Structure formats: C-alpha cells, structure tokens
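J.: Below is the file final27.txt, which contains compact mmCIF, C-alpha atoms.
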```txt
# COMPACT_ATOMS: atom_id res chain seq x y z
CA SER A 859 29.50 16.20 -8.04
CA LEU A 860 25.96 15.04 -8.82
CA ALA A 861 26.55 15.68 -12.50
CA ALA A 862 29.45 13.23 -12.50
CA LEU A 863 27.44 10.66 -10.58
CA SER A 864 24.68 10.94 -13.14
CA ALA A 865 27.02 10.37 -16.09
CA THR A 866 25.99 6.70 -16.24
CA PRO A 867 23.71 6.25 -19.29
CA PRO A 868 20.07 6.15 -18.13
CA SER A 869 18.16 2.89 -18.32
CA LEU A 870 15.87 2.81 -21.31
CA ALA A 871 12.21 2.84 -20.24
CA GLY A 872 9.71 1.20 -22.59
CA GLY A 873 10.88 1.20 -26.19
CA PHE A 874 12.42 -1.90 -27.68
CA LYS A 875 11.36 -5.23 -26.28
CA ARG A 876 12.36 -8.58 -27.61
CA PHE A 877 9.12 -10.40 -28.39
CA CYS A 878 9.17 -14.13 -29.04
CA ARG A 879 5.46 -14.84 -29.37
CA GLY A 880 4.63 -18.34 -30.48
CA THR A 881 8.01 -19.76 -29.45
CA ARG A 882 9.15 -21.31 -26.25
CA VAL A 883 11.98 -19.61 -24.40
CA GLU A 884 14.72 -22.16 -23.83
CA SER A 885 17.57 -21.63 -21.40
CA ARG A 886 20.88 -21.25 -23.23
CA VAL A 887 23.05 -21.51 -20.15
CA SER A 888 24.73 -24.30 -18.25
CA CYS A 889 22.87 -24.37 -14.96
CA VAL A 890 23.52 -25.54 -11.45
CA PRO A 891 21.18 -28.50 -10.75
CA VAL A 892 17.85 -27.42 -9.31
CA ARG A 893 17.14 -28.52 -5.77
CA ALA A 894 13.91 -28.51 -3.82
CA ARG A 895 13.02 -24.96 -2.78
CA ALA A 896 11.86 -26.13 0.64
CA HIS A 897 15.42 -27.15 1.48
CA THR A 898 17.20 -24.10 0.06
CA ALA A 899 15.16 -21.04 1.05
CA GLY A 900 12.89 -19.99 3.86
CA PRO A 901 9.17 -19.36 3.29
CA THR A 902 9.42 -15.59 3.71
CA ALA A 903 11.99 -13.14 2.34
CA LEU A 904 12.89 -9.95 4.16
CA PHE A 905 14.84 -7.02 2.82
CA THR A 906 16.16 -3.93 4.57
CA GLY A 907 15.85 -1.35 1.80
CA LEU A 908 19.62 -0.85 1.76
CA VAL A 909 20.46 -1.42 -1.90
CA GLN A 910 23.73 -3.33 -2.24
CA GLY A 911 24.48 -2.15 -5.77
CA THR A 912 23.28 -2.46 -9.35
CA ALA A 913 23.18 -5.46 -11.68
CA GLU A 914 23.26 -5.32 -15.47
CA VAL A 915 20.61 -6.90 -17.68
CA VAL A 916 22.33 -9.49 -19.90
CA SER A 917 19.16 -10.59 -21.67
CA PHE A 918 15.42 -10.12 -21.32
CA ASP A 919 13.27 -12.62 -23.22
CA ASN A 920 9.65 -11.46 -23.15
CA VAL A 921 6.88 -13.60 -24.69
CA GLY A 922 3.97 -11.41 -23.62
CA ASP A 923 2.77 -12.95 -20.36
CA PHE A 924 6.08 -14.45 -19.25
CA ALA A 925 9.69 -13.29 -19.31
CA ARG A 926 13.09 -14.67 -18.44
CA LEU A 927 15.57 -12.19 -17.00
CA ARG A 928 19.34 -12.75 -16.84
CA LEU A 929 21.34 -10.41 -14.64
CA ARG A 930 25.09 -9.97 -14.22
CA PHE A 931 25.97 -9.07 -10.63
CA PRO A 932 29.24 -7.65 -9.29
CA GLU A 933 31.89 -10.26 -8.56
CA ASN A 934 31.29 -12.41 -5.45
CA THR A 935 27.77 -11.00 -4.94
CA LEU A 936 26.15 -14.40 -5.54
CA ASP A 937 28.58 -16.38 -3.38
CA GLY A 938 26.66 -19.07 -1.52
CA ILE A 939 23.37 -18.34 -3.27
CA LYS A 940 21.06 -21.30 -3.87
CA ILE A 941 18.34 -22.08 -6.36
CA GLY A 942 15.07 -20.77 -4.92
CA ALA A 943 16.71 -17.93 -3.01
CA SER A 944 15.07 -14.50 -3.10
CA VAL A 945 16.70 -11.37 -4.49
CA SER A 946 15.14 -7.91 -4.59
CA CYS A 947 15.44 -6.46 -8.11
CA ASN A 948 14.22 -2.85 -8.30
CA GLY A 949 12.26 -3.62 -5.16
CA ALA A 950 10.48 -6.70 -6.55
CA CYS A 951 11.19 -10.01 -4.81
CA LEU A 952 12.36 -12.47 -7.48
CA THR A 953 13.32 -16.13 -7.17
CA VAL A 954 16.63 -17.42 -8.48
CA THR A 955 15.86 -20.14 -11.05
CA THR A 956 19.36 -20.81 -12.40
CA VAL A 957 22.95 -19.77 -11.84
CA GLU A 958 25.44 -20.17 -14.66
CA ALA A 959 28.11 -22.73 -13.86
CA ASP A 960 30.79 -21.17 -16.09
CA GLU A 961 29.97 -17.59 -15.03
CA PRO A 962 28.69 -17.60 -11.42
CA SER A 963 28.05 -13.84 -11.43
CA ILE A 964 25.03 -14.37 -13.75
CA ALA A 965 21.67 -15.52 -12.39
CA CYS A 966 18.29 -16.05 -14.08
CA PHE A 967 14.82 -15.08 -12.86
CA ASP A 968 11.35 -15.86 -14.26
CA LEU A 969 8.75 -13.07 -14.38
CA ILE A 970 5.03 -13.84 -14.59
CA VAL A 971 2.39 -11.58 -16.13
CA GLU A 972 1.47 -9.89 -12.80
CA THR A 973 5.10 -8.95 -12.16
CA LEU A 974 5.36 -7.48 -15.66
CA ARG A 975 2.13 -5.52 -15.13
CA ALA A 976 2.73 -4.24 -11.61
CA THR A 977 6.42 -3.29 -11.84
CA ASN A 978 8.86 -1.51 -14.13
CA LEU A 979 10.75 -4.75 -14.82
CA GLY A 980 8.81 -5.16 -18.05
CA GLU A 981 10.61 -2.06 -19.39
CA LEU A 982 14.07 -3.59 -19.09
CA VAL A 983 16.34 -4.14 -22.11
CA PRO A 984 19.87 -5.56 -22.34
CA GLY A 985 22.25 -3.08 -20.77
CA SER A 986 19.70 -1.68 -18.29
CA ALA A 987 20.68 -1.46 -14.64
CA VAL A 988 18.58 -2.67 -11.70
CA ASN A 989 18.97 -2.19 -7.96
CA TYR A 990 19.58 -5.44 -6.11
CA GLU A 991 19.58 -6.62 -2.52
CA ARG A 992 19.95 -10.17 -1.32
CA SER A 993 17.50 -11.22 1.38
CA ALA A 994 18.51 -10.44 4.95
CA LYS A 995 19.71 -13.11 7.36
CA VAL A 996 18.92 -13.42 11.04
CA GLY A 997 21.19 -11.02 12.88
CA ASP A 998 21.69 -8.63 9.95
CA GLU A 999 21.38 -4.93 10.68
CA ILE A 1000 18.08 -3.37 9.56
CA GLY A 1001 19.54 -0.05 8.48
CA GLY A 1002 16.54 1.02 6.42
CA HIS A 1003 13.11 -0.45 7.15
CA CYS A 1004 11.48 -3.86 6.68
CA VAL A 1005 10.73 -4.35 2.99
CA SER A 1006 8.83 -7.37 1.67
CA GLY A 1007 9.58 -7.02 -2.02
CA HIS A 1008 5.85 -6.83 -2.87
CA VAL A 1009 5.45 -3.78 -5.10
CA HIS A 1010 2.19 -1.90 -4.55
CA ALA A 1011 2.29 0.55 -7.44
CA LYS A 1012 4.42 2.32 -10.01
CA ALA A 1013 5.23 6.03 -9.87
CA VAL A 1014 6.71 8.44 -12.39
CA ILE A 1015 9.40 11.05 -11.75
CA CYS A 1016 7.77 14.39 -12.58
CA GLU A 1017 10.42 16.76 -11.20
CA GLN A 1018 14.13 16.45 -10.45
CA GLU A 1019 16.31 19.22 -9.05
CA ASP A 1020 20.03 19.00 -8.24
CA SER A 1021 21.80 21.18 -5.72
CA GLU A 1022 25.45 21.03 -4.67
CA ASN A 1023 25.11 18.01 -2.36
CA ASN A 1024 21.51 16.85 -2.75
CA ARG A 1025 18.94 15.83 -5.31
CA ARG A 1026 15.24 16.52 -4.83
CA VAL A 1027 13.01 14.06 -6.69
CA VAL A 1028 9.24 14.43 -6.99
CA PHE A 1029 7.06 11.44 -7.87
CA GLU A 1030 3.51 11.18 -9.21
CA ILE A 1031 1.46 8.22 -8.01
CA ASP A 1032 -2.18 7.12 -8.01
CA GLU A 1033 -3.93 9.21 -5.33
CA LYS A 1034 -5.36 6.12 -3.60
CA TRP A 1035 -1.87 5.42 -2.22
CA SER A 1036 -1.29 8.95 -0.90
CA LYS A 1037 -2.93 8.22 2.48
CA TYR A 1038 -0.11 5.76 3.23
CA ILE A 1039 2.75 8.11 2.28
CA LEU A 1040 3.30 10.50 5.18
CA PRO A 1041 5.93 13.21 5.79
CA LYS A 1042 8.99 11.72 7.57
CA GLY A 1043 7.61 8.24 6.95
CA PHE A 1044 9.27 5.38 5.06
CA VAL A 1045 8.74 4.38 1.44
CA ALA A 1046 10.67 1.93 -0.74
CA VAL A 1047 11.46 3.31 -4.21
CA ASP A 1048 12.94 0.71 -6.57
CA GLY A 1049 13.84 -1.23 -3.42
CA CYS A 1050 15.65 1.71 -1.80
CA SER A 1051 14.47 2.70 1.69
CA LEU A 1052 13.89 6.47 1.63
CA THR A 1053 12.43 9.06 3.99
CA VAL A 1054 9.44 10.95 2.63
CA GLY A 1055 9.77 14.73 2.37
CA GLU A 1056 6.67 16.70 1.41
CA THR A 1057 3.39 15.16 0.31
CA SER A 1058 0.24 16.19 -1.52
CA PRO A 1059 -2.58 14.17 -3.13
CA GLY A 1060 -0.96 12.07 -5.85
CA ARG A 1061 2.56 13.43 -5.19
CA PHE A 1062 5.48 13.13 -2.80
CA ASN A 1063 9.18 13.95 -2.84
CA VAL A 1064 12.40 12.55 -1.42
CA TRP A 1065 15.94 13.88 -1.02
CA LEU A 1066 18.91 11.84 -2.22
CA ILE A 1067 22.48 12.13 -0.98
CA PRO A 1068 25.42 11.55 -3.38
CA GLU A 1069 26.12 8.06 -1.97
CA THR A 1070 22.54 6.93 -2.69
CA ILE A 1071 22.81 8.21 -6.25
CA ARG A 1072 26.18 6.54 -6.77
CA GLN A 1073 25.05 3.18 -5.39
CA THR A 1074 21.65 2.91 -7.14
CA VAL A 1075 19.86 3.28 -10.46
CA PHE A 1076 18.97 6.86 -9.48
CA ALA A 1077 22.21 7.84 -11.20
CA GLY A 1078 20.48 7.21 -14.52
CA LYS A 1079 16.90 8.23 -13.66
CA THR A 1080 15.43 11.31 -15.31
CA VAL A 1081 12.04 13.04 -15.50
CA GLY A 1082 9.60 10.55 -16.98
CA SER A 1083 11.36 7.48 -15.57
CA THR A 1084 9.19 4.85 -13.87
CA VAL A 1085 9.93 3.51 -10.38
CA ASN A 1086 8.46 0.76 -8.20
CA ILE A 1087 6.79 1.80 -4.94
CA GLU A 1088 6.27 -0.35 -1.85
CA ILE A 1089 4.26 1.18 0.98
CA GLU A 1090 5.63 0.73 4.51
CA ALA A 1091 3.64 -2.18 6.00
CA GLN A 1092 3.04 -0.77 9.50
CA THR A 1093 1.79 2.54 8.13
CA GLN A 1094 -0.64 0.74 5.84
CA THR A 1095 -1.89 -1.47 8.67
CA ILE A 1096 -2.48 1.49 11.01
CA VAL A 1097 -4.27 3.58 8.37
CA ASP A 1098 -6.48 0.68 7.25
CA THR A 1099 -7.31 -0.28 10.85
CA ILE A 1100 -8.32 3.28 11.78
CA GLU A 1101 -10.48 3.58 8.66
CA ARG A 1102 -12.14 0.24 9.42
CA VAL A 1103 -12.85 1.18 13.05
CA LEU A 1104 -14.32 4.56 12.08
CA GLU A 1105 -16.43 2.96 9.37
CA THR A 1106 -17.73 0.36 11.83
CA ARG A 1107 -18.61 3.05 14.39
CA GLU A 1108 -20.41 5.11 11.74
CA LYS A 1109 -22.43 2.07 10.66
CA GLU A 1110 -23.31 1.28 14.29
CA LYS A 1111 -24.43 4.87 14.88
CA MET A 1112 -26.57 4.84 11.74
CA SER A 1113 -28.07 1.51 12.82
CA GLN A 1114 -28.88 2.85 16.30
CA ASP A 1115 -30.46 5.99 14.82
CA MET A 1116 -32.58 3.86 12.50
CA GLN A 1117 -33.67 1.60 15.35
CA LYS A 1118 -34.59 4.63 17.48
CA LYS A 1119 -36.62 6.10 14.64
CA ASP A 1120 -38.34 2.77 14.01
CA ARG A 1121 -39.28 2.49 17.70
CA LYS A 1122 -40.80 5.98 17.67
CA ASP A 1123 -42.74 5.18 14.51
CA LEU A 1124 -44.03 1.94 16.02
CA GLU A 1125 -45.10 3.65 19.24
CA LYS A 1126 -46.85 6.38 17.25
CA ALA A 1127 -48.62 3.80 15.10
CA ALA A 1128 -49.63 1.78 18.16
CA LYS A 1129 -51.15 4.86 19.84
CA ALA A 1130 -53.00 5.73 16.65
CA MET A 1131 -54.45 2.20 16.42
CA GLU A 1132 -55.35 2.29 20.09
CA LYS A 1133 -57.26 5.53 19.63
CA GLU A 1134 -59.09 4.19 16.58
CA GLY A 1135 -60.23 1.09 18.50
CA GLU A 1136 -61.60 3.02 21.53
CA SER A 1137 -65.35 3.34 22.12
CA GLU A 1138 -66.91 6.73 22.84
CA GLU A 1139 -67.14 5.91 26.55
CA GLU A 1140 -63.45 4.94 26.66
CA LYS A 1141 -62.48 8.16 24.89
CA GLU A 1142 -64.50 10.23 27.36
CA SER A 1143 -63.00 8.29 30.27
CA ARG A 1144 -59.45 8.92 28.97
CA LYS A 1145 -60.18 12.64 28.53
CA LYS A 1146 -61.61 12.79 32.05
CA GLU A 1147 -58.45 11.15 33.43
CA LYS A 1148 -56.33 13.78 31.69
CA ARG A 1149 -58.50 16.60 33.10
CA ASP A 1150 -58.39 15.12 36.61
CA LYS A 1151 -54.64 14.77 36.37
CA LYS A 1152 -54.23 18.40 35.34
CA MET A 1153 -56.57 19.59 38.09
CA LYS A 1154 -54.66 17.59 40.68
CA GLU A 1155 -51.33 19.07 39.50
CA LYS A 1156 -52.84 22.56 39.63
CA GLU A 1157 -54.14 22.04 43.18
CA GLU A 1158 -50.76 20.74 44.32
CA LYS A 1159 -49.04 23.86 42.92
CA GLU A 1160 -51.51 26.18 44.65
CA SER A 1161 -51.13 24.27 47.89
CA PHE A 1162 -47.37 24.64 47.64
CA ARG A 1163 -47.71 28.43 47.19
CA ASP A 1164 -50.05 28.70 50.21
CA ASP A 1165 -47.53 26.84 52.35
CA ASP A 1166 -44.88 29.38 51.36
```
Rewrite the coordinates I just gave you, this time as structure tokens.
T.:
Amino acid sequence: SLAALSATPPSLAGGFKRFCRGTRVESRVSCVPVRARAHTAGPTALFTGLVQGTAEVVSFDNVGDFARLRLRFPENTLDGIKIGASVSCNGACLTVTTVEADEPSIACFDLIVETLRATNLGELVPGSAVNYERSAKVGDEIGGHCVSGHVHAKAVICEQEDSENNRRVVFEIDEKWSKYILPKGFVAVDGCSLTVGETSPGRFNVWLIPETIRQTVFAGKTVGSTVNIEIEAQTQTIVDTIERVLETREKEKMSQDMQKKDRKDLEKAAKAMEKEGESEEEKESRKKEKRDKKMKEKEEKESFRDDD
C-alpha cells in the first residue's frame, strides 16, 4: 500500500545545518588518486530521468558558500566510476571528487554557492535521502526523457492525495516557469522524469505509481517539502522561439506603421511649405488647373451618358 511505502522517515528540509564558518573543510577519507577530468569523463552528461535508487547522506559540511557532500550508495552502484564522473543527485548534476578506498560505496561531491541557492541540496542533513542516477552511456535506453541535470527552479509540494494505487502531488512554482509546463508534457522533479497532469499559473500536478514512490525520495516527501525542477529542453526552446518570432514581427509591424505615418507627415509638411512659397499667380494657376480638370471630367461623364 502507499502508506507502507511512505513509512520511510521523511528527509528533513531546512532546520539543522552544520556550519563551519572560518574553518577549512578537510577531507577525512582515504581517496582514490585524482586523475585528469579530460581523460575520465566526457564534456557533457546526459541523464534519462529514470531514478536508479536513493543514496544516504553520510555527512554534509556547509561553510556558507561551499559545501562538501558525502553519499553512501547501494552496493555495487559505483562500480567502475571515475573521478570527474557525473552523477545526478536530486536532479542536480554533480561531479565525483573522491571515492573512499576502504568503502567504495561512498563518494564525495563539492557544492558551490549557486548549487546551494538554486537547489534543495542545501537542505540536506546526515541521514537524508537523495535520488541518484549515473550518467547514461551510448546505447542506453532513454526510458524517460533527456535530462541535463541543470535545475531551473525549486517548487514546493502544496497538496498530496493518496488513493489505492496512485498518489496525486500538486506543486507550487514561480509563475514565470508555468509557460514551459504543459499538460501531458515532461518535467523532471528531483531528477525523476514525470508526465505533467493538470496545470494552472504557478501550479501543476503529477501522478505517482507505487513503484515510483518505492524507488525514490517521494516515499518521504510531504506537504511543504521542496523539490528541484528541470524544464524539458525542447519545450523551452519551442516556447522561447515562438515568443521571439512573435515579438520580432510585432516590432517590425510597429516600425512599418511608424514609417508610414512619418511619410504621410512629411508629405503633408512638404505640401504646406509648397503652398506657402507660391506666388498669387501660381496659386491662381493651380486653382484654374483644378477647375479645368473638374470641368473636363464632368464633360466626359455627360458625353458618356449621351452615347448611352
């Protein structure tokens, strides 16, 4: 049942943090020698949004604008991993900095100030759980959708409703991101590829099956919990491109209207100046031309009637 799946103690959000201001965080682990990143990992990481499980926070040393995170992964998860490899942790792409030699299931990651600001990783404490996914390899199945590990925003769970075989979760997010979250579209929540249900400005919901809850940190999430959101890249590109094209067309139309108005104003001003510079004889001559033209048009009309 969903109640049993949710029995795992929820991760603590906010609250206690271990501050070490004024001191340098030293590694207390025996580490595998660091090798050049260029030889151990590719330039771009790709994830599928299929969370492989949860890792436990062993320690989280936070000194304000920098933090060192140690995670314990399930046995054999880190087999073959190299220094500089990328791992998605709650949807944020982190770089492996060390792997413990005497306990190869523990890896360390460094978090900079932007990561702490933009994600929920700054809320972690020892014992917290995080979703993880190792980067995909060429030939791997993309069972979810392409996820970069670049978190766009944080959202808060505002509603959560369990039924017999499903869980409906409603999130609140900054309204500026709502245009990218579309019904039946993709969104990555804490690194988990999910299909969007209903949407409204500043809100959207998803439906979770029991397996998703069992396999991810959603087992411990409650109302008020914070999650990381990554917008689906193709959706964002399409929306931004359409907006840019429409904006460009609107500017071009406004420019054309202004040019048309300016031409009319110039022609009007030129005629006014021309009239002011005319002598009395020229004015009389111009009036006579107009009268002759009207008379000629009138005669042509009468002649046309006579022919009929």
J.: Would you list the contacts of Thr1074 of chain A as an mmCIF file with C-alpha atoms, in the frame of the given file, taking every protein, DNA or RNA residue within 10 Å and counting only C-alpha atoms, but skipping same-chain residues closer than 2 positions in sequence?
T.:
```cif
data_model
loop_
_atom_site.group_PDB
_atom_site.id
_atom_site.type_symbol
_atom_site.label_atom_id
_atom_site.label_comp_id
_atom_site.auth_asym_id
_atom_site.auth_seq_id
_atom_site.Cartn_x
_atom_site.Cartn_y
_atom_site.Cartn_z
ATOM 1 C CA LEU A 908 19.620 -0.850 1.760
ATOM 2 C CA VAL A 909 20.460 -1.420 -1.900
ATOM 3 C CA GLN A 910 23.730 -3.330 -2.240
ATOM 4 C CA GLY A 911 24.480 -2.150 -5.770
ATOM 5 C CA THR A 912 23.280 -2.460 -9.350
ATOM 6 C CA ALA A 913 23.180 -5.460 -11.680
ATOM 7 C CA ASN A 948 14.220 -2.850 -8.300
ATOM 8 C CA ALA A 987 20.680 -1.460 -14.640
ATOM 9 C CA VAL A 988 18.580 -2.670 -11.700
ATOM 10 C CA ASN A 989 18.970 -2.190 -7.960
ATOM 11 C CA TYR A 990 19.580 -5.440 -6.110
ATOM 12 C CA ASP A 1048 12.940 0.710 -6.570
ATOM 13 C CA GLY A 1049 13.840 -1.230 -3.420
ATOM 14 C CA CYS A 1050 15.650 1.710 -1.800
ATOM 15 C CA GLU A 1069 26.120 8.060 -1.970
ATOM 16 C CA THR A 1070 22.540 6.930 -2.690
ATOM 17 C CA ILE A 1071 22.810 8.210 -6.250
ATOM 18 C CA ARG A 1072 26.180 6.540 -6.770
ATOM 19 C CA PHE A 1076 18.970 6.860 -9.480
ATOM 20 C CA ALA A 1077 22.210 7.840 -11.200
ATOM 21 C CA GLY A 1078 20.480 7.210 -14.520
ATOM 22 C CA LYS A 1079 16.900 8.230 -13.660
#
```
J.: Which residue out of A:Arg1121, A:Arg1026, A:Lys1037, A:Arg928 has the minimum interatomic distance to Glu1101 of chain A when all atoms listed in the file are used?
T.: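 Distance minimum relative to Glu1101 of chain A lands on A:Lys1037.
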J.: Tell me which of A:His1003, A:Ile1067, A:Ser1058, A:Thr977 sits closest to Ser1021 of chain A, counting all atoms listed in the file.
T.: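 The answer is A:Ile1067, which sits nearest to Ser1021 of chain A.
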J.: Around (0.6, -7.8, -6.0) in the file's frame, which residues reach within 10 Å when counting all atoms listed in the file? Return as a PDB file with C-alpha atoms, in the frame of the given file?
T.:
```pdb
ATOM      1  CA  ALA A 950      10.480  -6.700  -6.550  1.00  0.00           C
ATOM      2  CA  GLU A 972       1.470  -9.890 -12.800  1.00  0.00           C
ATOM      3  CA  THR A 973       5.100  -8.950 -12.160  1.00  0.00           C
ATOM      4  CA  ARG A 975       2.130  -5.520 -15.130  1.00  0.00           C
ATOM      5  CA  ALA A 976       2.730  -4.240 -11.610  1.00  0.00           C
ATOM      6  CA  THR A 977       6.420  -3.290 -11.840  1.00  0.00           C
ATOM      7  CA  GLY A1007       9.580  -7.020  -2.020  1.00  0.00           C
ATOM      8  CA  HIS A1008       5.850  -6.830  -2.870  1.00  0.00           C
ATOM      9  CA  VAL A1009       5.450  -3.780  -5.100  1.00  0.00           C
ATOM     10  CA  HIS A1010       2.190  -1.900  -4.550  1.00  0.00           C
ATOM     11  CA  ALA A1011       2.290   0.550  -7.440  1.00  0.00           C
TER      12      ALA A1011
END
```
J.: Between A:Ser993, A:Gln1092, A:Asn978, A:Asn1063, which residue has the minimum interatomic distance to Thr953 of chain A, considering all atoms listed in the file?
T.: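 Answer, going by the shortest atom-to-atom distance: A:Ser993.
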J.: Would you be able to write out as a VMD selection string which residues have an atom within 9 Å of (6.6, 3.7, -11.8) in the file's coordinates, counting all atoms listed in the file?
T.: chain A and resid 976 to 978 1011 to 1015 1029 to 1031 1048 1083 to 1087
J.: Enter the distance from atom CA of Gly980 of chain A to atom CA of Asp1032 of chain A, in Å, rounded to one decimal.
T.: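 One can read the atom CA of Gly980 of chain A to atom CA of Asp1032 of chain A distance as 19.3 Å.
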J.: For atom CA of Val945 of chain A and atom CA of Cys1016 of chain A, quote the distance in Å rounded to one decimal.
T.: 28.4 Å
J.: Using all atoms listed in the file, can you tell me which of A:Pro1068, A:Gly985, A:Gly949, A:Gly1082 comes closest to Ser1006 of chain A?
T.: A:Gly949
J.: Using Å and a single decimal, report how far atom CA of Asp968 of chain A sits from atom CA of Lys995 of chain A.
T.: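 Interatomic distance, atom CA of Lys995 of chain A to atom CA of Asp968 of chain A: 23.3 Å.
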J.: Point out the residue among A:Thr1106, A:Ser917, A:Ser963, A:Thr906 with the least atom-to-atom distance to Asn934 of chain A, counting all atoms listed in the file.
T.: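 The answer is A:Ser963, which sits nearest to Asn934 of chain A.
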J.: Compare A:Glu914, A:Glu1142, A:Asp1123, A:Asp998 by their minimum atom-to-atom distance to Val983 of chain A, counting only C-alpha atoms, and give me the closest one.
T.: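 Of the candidates, the smallest distance to Val983 of chain A is held by A:Glu914.
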